[in-house]
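Undergrad: Dropping a structure here in structure tokens format, bear with me for questions.
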Amino acid sequence: MSVIGIGSPRGDDRVGWCVADTLARQPRAADARILKLDRPGAALLDALAGRRRVVIVDAAATGAAPGTLYRVSLPDLAEIPAAASSHGFGLAQALELGRGLGVLPPELYLYLVGIDPRRTVGIGQALSPAVAAAVGRLTAAICRRLAAGGR
């Protein structure tokens with residue numbers, strides 16, 4: 001299984017990277033391929049190429065409380081307003097392109113962490129407490145998925 005943490009160096013937008021870093025230290029994730037991508041857009045498709053099972057983690061300014069966790073399906077991703085991304089060509093658009101090209105992995109698990117976009121302005125800024133707590137919860141959930149063989 002591959003785990004892709006998407007983010008940027010700015011505050012709570014780093015949450016995907018933080019989940020990837022935390023997973024990399026977990027013994028149960030030793031066999032996982034863990035990547036950190038900086039706002040990849042269409043380049044995400046290269047990271048997905050040839051993979052069978054992939055978990056993607058990204059931040060989303062959904063308007064819900066920061067730290068809110070979402071497990072979404074690909075069709076549902078387009079319905080989340082922030083899934084359009086502040087990164088221009090964002091996660092929803094990249095995955096839709098991948099679906100159209102037939103290059104998505106057969107098993108794709110999407111996790112979003114709700115953030116406050118005002119907490120994404122400072123490079124290197126620490127995660128807010130609520131988003132930091134979500135890192136632990138989401139890492140545990142992904143470890144359970146890894147232990148179950150991706151199911």
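Note on naming: chains are A, B, ... as they come in the structure tokens, residues start from 1 per chain, ligands start from 1 in the order shown.
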Within 8 Å of range 50-64 of chain A, counting only C-alpha atoms, which residues show up once you throw out same-chain ones fewer than 6 positions away? Write them as a short mmCIF file (atom, residue, chain, number, x, y, z; two decimals) with C-alpha atoms, in the first residue's frame, please.
TA:
```cif
data_model
loop_
_atom_site.label_atom_id
_atom_site.label_comp_id
_atom_site.auth_asym_id
_atom_site.auth_seq_id
_atom_site.Cartn_x
_atom_site.Cartn_y
_atom_site.Cartn_z
CA MET A 1 0.00 0.00 0.00
CA SER A 2 1.10 3.56 -0.66
CA VAL A 3 0.28 6.56 1.51
CA ILE A 4 0.51 10.03 0.01
CA GLY A 5 0.46 13.07 2.27
CA ILE A 6 -0.34 16.22 0.32
CA GLY A 7 0.48 19.65 1.69
CA ASP A 12 -2.32 23.54 8.96
CA ASP A 13 -1.93 22.83 5.23
CA ARG A 14 1.03 20.65 6.34
CA VAL A 15 -1.34 18.09 7.88
CA GLY A 16 -0.89 15.56 5.06
CA VAL A 19 0.48 12.25 8.86
CA ILE A 80 -16.75 19.26 -0.95
CA PRO A 81 -16.34 22.98 -1.70
CA ALA A 82 -12.71 23.18 -0.59
CA ALA A 83 -11.77 20.10 -2.60
CA SER A 85 -8.18 23.51 -3.61
CA VAL A 103 -4.98 5.40 -14.29
CA PRO A 105 -5.51 2.52 -8.48
CA PRO A 106 -8.27 -0.05 -7.95
CA GLU A 107 -8.34 0.79 -4.22
CA LEU A 108 -8.18 4.49 -3.42
CA TYR A 109 -8.85 5.79 0.10
CA LEU A 110 -9.23 9.55 0.53
CA TYR A 111 -8.93 11.28 3.89
CA LEU A 112 -9.37 15.00 4.40
CA VAL A 113 -8.69 16.99 7.55
CA GLY A 114 -10.72 20.13 8.07
CA ILE A 115 -8.61 23.26 8.51
CA ASP A 116 -9.12 26.98 8.96
CA PRO A 117 -7.55 28.67 5.91
CA GLY A 150 -5.84 -2.24 3.12
#
```
Undergrad: I'd like the neighbourhood of Glu96 in chain A as a PyMOL selection string, where a residue qualifies if any of its atoms comes within 10 Å (using only C-alpha atoms), though same-chain residues fewer than 6 positions away should be ignored.
TA: chain A and resi 42+74-75+77-78+102+104
Undergrad: Which residues of range 11-128 of chain A have any atom within 7 Å of an atom in range 138-149 of chain A when counting only C-alpha atoms, and what is the closest pair of atoms for each, with the distance in Å to one decimal? Order the rows by chain and rising number and write it as a Markdown table.
TA:
```
| residue | atom | partner | partner_atom | distance |
| --- | --- | --- | --- | --- |
| A:Val19 | CA | A:Thr139 | CA | 6.0 |
| A:Thr22 | CA | A:Thr139 | CA | 6.9 |
| A:Leu23 | CA | A:Thr139 | CA | 6.2 |
| A:Arg28 | CA | A:Cys143 | CA | 6.2 |
| A:Ala29 | CA | A:Cys143 | CA | 6.5 |
```
Undergrad: Using C-alpha atoms, can you export the residues from the last selection as a JSON list (two decimals), in the first residue's frame?
TA:
```json
[["chain", "number", "residue", "atom", "x", "y", "z"],
["A", 19, "VAL", "CA", 0.48, 12.25, 8.86],
["A", 22, "THR", "CA", 4.09, 10.09, 11.76],
["A", 23, "LEU", "CA", 3.28, 6.97, 9.74],
["A", 28, "ARG", "CA", 2.95, -1.27, 11.27],
["A", 29, "ALA", "CA", 3.67, 1.02, 8.32]]
```
Undergrad: Which distance in Å separates CA of Val121 in chain A and CA of Ser8 in chain A, to one decimal?
TA: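 If I compute the distance from CA of Val121 in chain A to CA of Ser8 in chain A, I get 10.4 Å.
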Undergrad: DSSP says strand (DSSP E) for which residues of range 15-72 of chain A? Put them as an mmCIF file with C-alpha atoms, in the first residue's frame?
TA:
```
data_model
loop_
_atom_site.group_PDB
_atom_site.id
_atom_site.type_symbol
_atom_site.label_atom_id
_atom_site.label_comp_id
_atom_site.auth_asym_id
_atom_site.auth_seq_id
_atom_site.Cartn_x
_atom_site.Cartn_y
_atom_site.Cartn_z
ATOM 1 C CA ARG A 33 5.430 3.339 0.487
ATOM 2 C CA ILE A 34 5.048 6.780 2.080
ATOM 3 C CA LEU A 35 5.304 9.965 0.018
ATOM 4 C CA LYS A 36 4.966 13.658 0.785
ATOM 5 C CA LEU A 37 3.895 15.817 -2.133
ATOM 6 C CA ASP A 38 3.772 19.603 -2.307
ATOM 7 C CA ARG A 53 -3.870 0.446 -3.040
ATOM 8 C CA VAL A 54 -3.335 4.093 -2.156
ATOM 9 C CA VAL A 55 -4.298 6.271 0.789
ATOM 10 C CA ILE A 56 -4.273 10.030 0.164
ATOM 11 C CA VAL A 57 -4.364 12.581 3.005
ATOM 12 C CA ASP A 58 -4.939 16.286 2.399
ATOM 13 C CA ALA A 59 -6.233 19.388 4.166
ATOM 14 C CA ALA A 60 -9.586 20.938 3.259
ATOM 15 C CA LEU A 69 -11.813 14.074 9.720
ATOM 16 C CA TYR A 70 -13.466 13.036 6.491
ATOM 17 C CA ARG A 71 -13.244 9.683 4.730
ATOM 18 C CA VAL A 72 -14.618 10.472 1.282
#
```
Undergrad: Would you list, as a list in words, the residues of range 5-82 of chain A that end up in alpha helix (DSSP H) under DSSP run on this structure's backbone?
TA: Val15, Gly16, Trp17, Cys18, Val19, Ala20, Asp21, Thr22, Leu23, Ala24, Leu44, Leu45, Asp46, Ala47, Leu48, Leu74, Pro75, Asp76 and Leu77 of chain A
Undergrad: Have a look at A:Ala24, A:Ala94, A:Ala133, A:Ile123 and name the one nearest to Ala47 in chain A; count only C-alpha atoms.
TA: A:Ala94
Undergrad: What lies within 8 Å of Gly124 in chain A using only C-alpha atoms, ignoring chain neighbours under 4 positions off, as a PyMOL selection string?
TA: chain A and resi 9-11
Undergrad: Excluding Leu44 in chain A and any residue of its chain fewer than 5 positions from it, enumerate the residues within 9 Å of it, using only C-alpha atoms, and give them as JSON, numbers by chain.
TA: {"A": [37, 39, 49, 91, 94, 95, 98]}
Undergrad: Between CA of Glu79 in chain A and CA of Pro66 in chain A, measure the distance and give it in Å to one decimal.
TA: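 That distance, rounded to one decimal, is 18.7 Å.
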Undergrad: Please, what distance in Å, to one decimal, runs between CA of Ala134 in chain A and CA of Gln26 in chain A?
TA: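 A separation of 16.3 Å between them.
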